[in-house]
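Written below as structure tokens is the structure these notes are about.
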Amino acid sequence: MEYYSEVEYNLASKGVRFINYIIDLIIYYVFIVTFFSFIWILGIAENFFSYMEENSLLDRLITMFFYILFMIAQEVIFKGQSIGKFLTKTKVVYENGQTPTSKVLALRNILRIIPFDQLSFLGYLGWHDKWSSTRVVNIKGFEKDIQEKKEKDAVEQIGNRELI
């Protein structure tokens with residue numbers, strides 16, 4: 001069953017999307033600082049950290065790579081939710097309301113690499129949503145609207161059977 005109108009009606013606001021992003025970014029930085037601090041304490045890859053200080057481009061690329069992996073892992077493991085989305089009670093769905101596959105969730109997060117992706121949200125949809133055919137919805141309203149549609153369809157099916 002497809003739920004295009006239920007998705008569009010329950011899209012998360014830009015403010016909620018921004019809060020999701022900030023929460024996820026804070027959690028990511030806590031994770032990455034903890035991870036690399038642990039590696040530093042163990043004395044692993046000391047030369048690597050020196051090299052990273054000298055090469056800011058490599059530092060940014062590695063940070064971006066880990067951020068994308070971090071977001072993919074969250075959305076795949078939690079079926080369309082990151083920690084930020086969990087806290088704001090939102091989730092990722094296909095534009096037709098179905099649950100995205102792991103492959104699409106990975107693609108969606110890889111598309112975040114595109115320069116100015118964050119600015120694309122000044123328009124109707126962000127590029128990583130548009131190009132992956134996904135949307136972020138408010139769970140409570142979305143699930144309520146789907147349930148109502150299913151009940152309405154069930155009643156119509158009963159009415160159609162009685163006419164035959």
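Identifiers in the structure tokens: chain A, B, ... in order shown; residue index from 1 per chain; ligand index from 1 in order shown.
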_Can you tell me, as a PyMOL selection string, which residues in chain A count as strand (DSSP E) by DSSP?_
chain A and resi 90-94+134-138
*Considering only C-alpha atoms, return as a ChimeraX atom specification whatever protein or nucleic-acid residues lie within 12 Å of Leu122 of chain A, sequence-local ones (same chain, fewer than 6 positions apart) excluded.*
/A:13-15,17-18,116
Given the selection you just returned, output its residues as a file containing C-alpha atoms, formatted as a tab-separated table (two decimals), in the first residue's frame.
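To be explicit, this is the file written out as out25.tsv:
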chain	number	residue	atom	x	y	z
A	13	SER	CA	9.58	20.66	9.95
A	14	LYS	CA	12.86	22.31	9.04
A	15	GLY	CA	13.30	23.22	12.70
A	17	ARG	CA	15.35	18.53	11.00
A	18	PHE	CA	17.87	21.10	12.23
A	116	PHE	CA	26.07	22.57	0.17
Residues within 9 Å of segment 148-154 of chain A, please, as a PDB file with N, CA and C atoms, in the first residue's frame. Count only C-alpha atoms; anything in the same chain fewer than 4 positions from it doesn't count.
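The resulting selection39.pdb:
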ATOM      1  N   TYR A   3       1.422   5.444   0.626  1.00  0.00           N
ATOM      2  CA  TYR A   3       0.939   6.480   1.539  1.00  0.00           C
ATOM      3  C   TYR A   3       1.555   7.843   1.229  1.00  0.00           C
ATOM      4  N   GLU A   6      -0.020  10.760   3.210  1.00  0.00           N
ATOM      5  CA  GLU A   6       0.276  10.656   4.639  1.00  0.00           C
ATOM      6  C   GLU A   6       1.720  11.096   4.924  1.00  0.00           C
ATOM      7  N   GLU A 143       1.948   7.432  11.634  1.00  0.00           N
ATOM      8  CA  GLU A 143       1.375   6.117  11.942  1.00  0.00           C
ATOM      9  C   GLU A 143      -0.123   6.210  12.208  1.00  0.00           C
ATOM     10  N   LYS A 144      -0.571   7.297  12.809  1.00  0.00           N
ATOM     11  CA  LYS A 144      -2.005   7.501  13.043  1.00  0.00           C
ATOM     12  C   LYS A 144      -2.740   7.605  11.701  1.00  0.00           C
ATOM     13  N   ILE A 158     -15.265  -4.179   2.815  1.00  0.00           N
ATOM     14  CA  ILE A 158     -16.469  -4.870   3.305  1.00  0.00           C
ATOM     15  C   ILE A 158     -17.684  -4.426   2.500  1.00  0.00           C
ATOM     16  N   GLY A 159     -17.779  -3.119   2.240  1.00  0.00           N
ATOM     17  CA  GLY A 159     -18.882  -2.591   1.459  1.00  0.00           C
ATOM     18  C   GLY A 159     -18.871  -3.129   0.036  1.00  0.00           C
TER      19      GLY A 159
END
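A straight line drawn from atom CA of Ile26 of chain A to atom CA of Ser82 of chain A is 12.2 Å long.
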*Separation of atom CA of Ala73 of chain A and atom CA of Lys140 of chain A, in Å?*
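Rounded to one decimal, the two atoms are 23.7 Å apart.
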*Of the residues A:Arg60, A:Lys79, A:Lys103, A:Arg108, which is the one nearest to Trp131 of chain A, using only C-alpha atoms?*
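For Trp131 of chain A, the nearest of the candidates is A:Arg108.
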*Compare A:Ser132, A:Asn96, A:Thr34, A:Gln147 by their minimum atom-to-atom distance to Asn109 of chain A, counting only C-alpha atoms, and give me the closest one.*
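Nearest candidate to Asn109 of chain A out of A:Ser132, A:Asn96, A:Thr34, A:Gln147: A:Ser132.
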*Extract the full set of alpha helix (DSSP H) residues from segment 65-159 of chain A according to DSSP on the backbone, and format it as a ChimeraX atom specification.*
/A:65-77,83-88,102-110,127-130,139-159
*If you count only C-alpha atoms, which residues fall within 9 Å of Lys85 of chain A, apart from same-chain ones fewer than 2 positions away, as a PyMOL selection string?*
chain A and resi 16-17+19-21+23-24+80-83+87-92+136
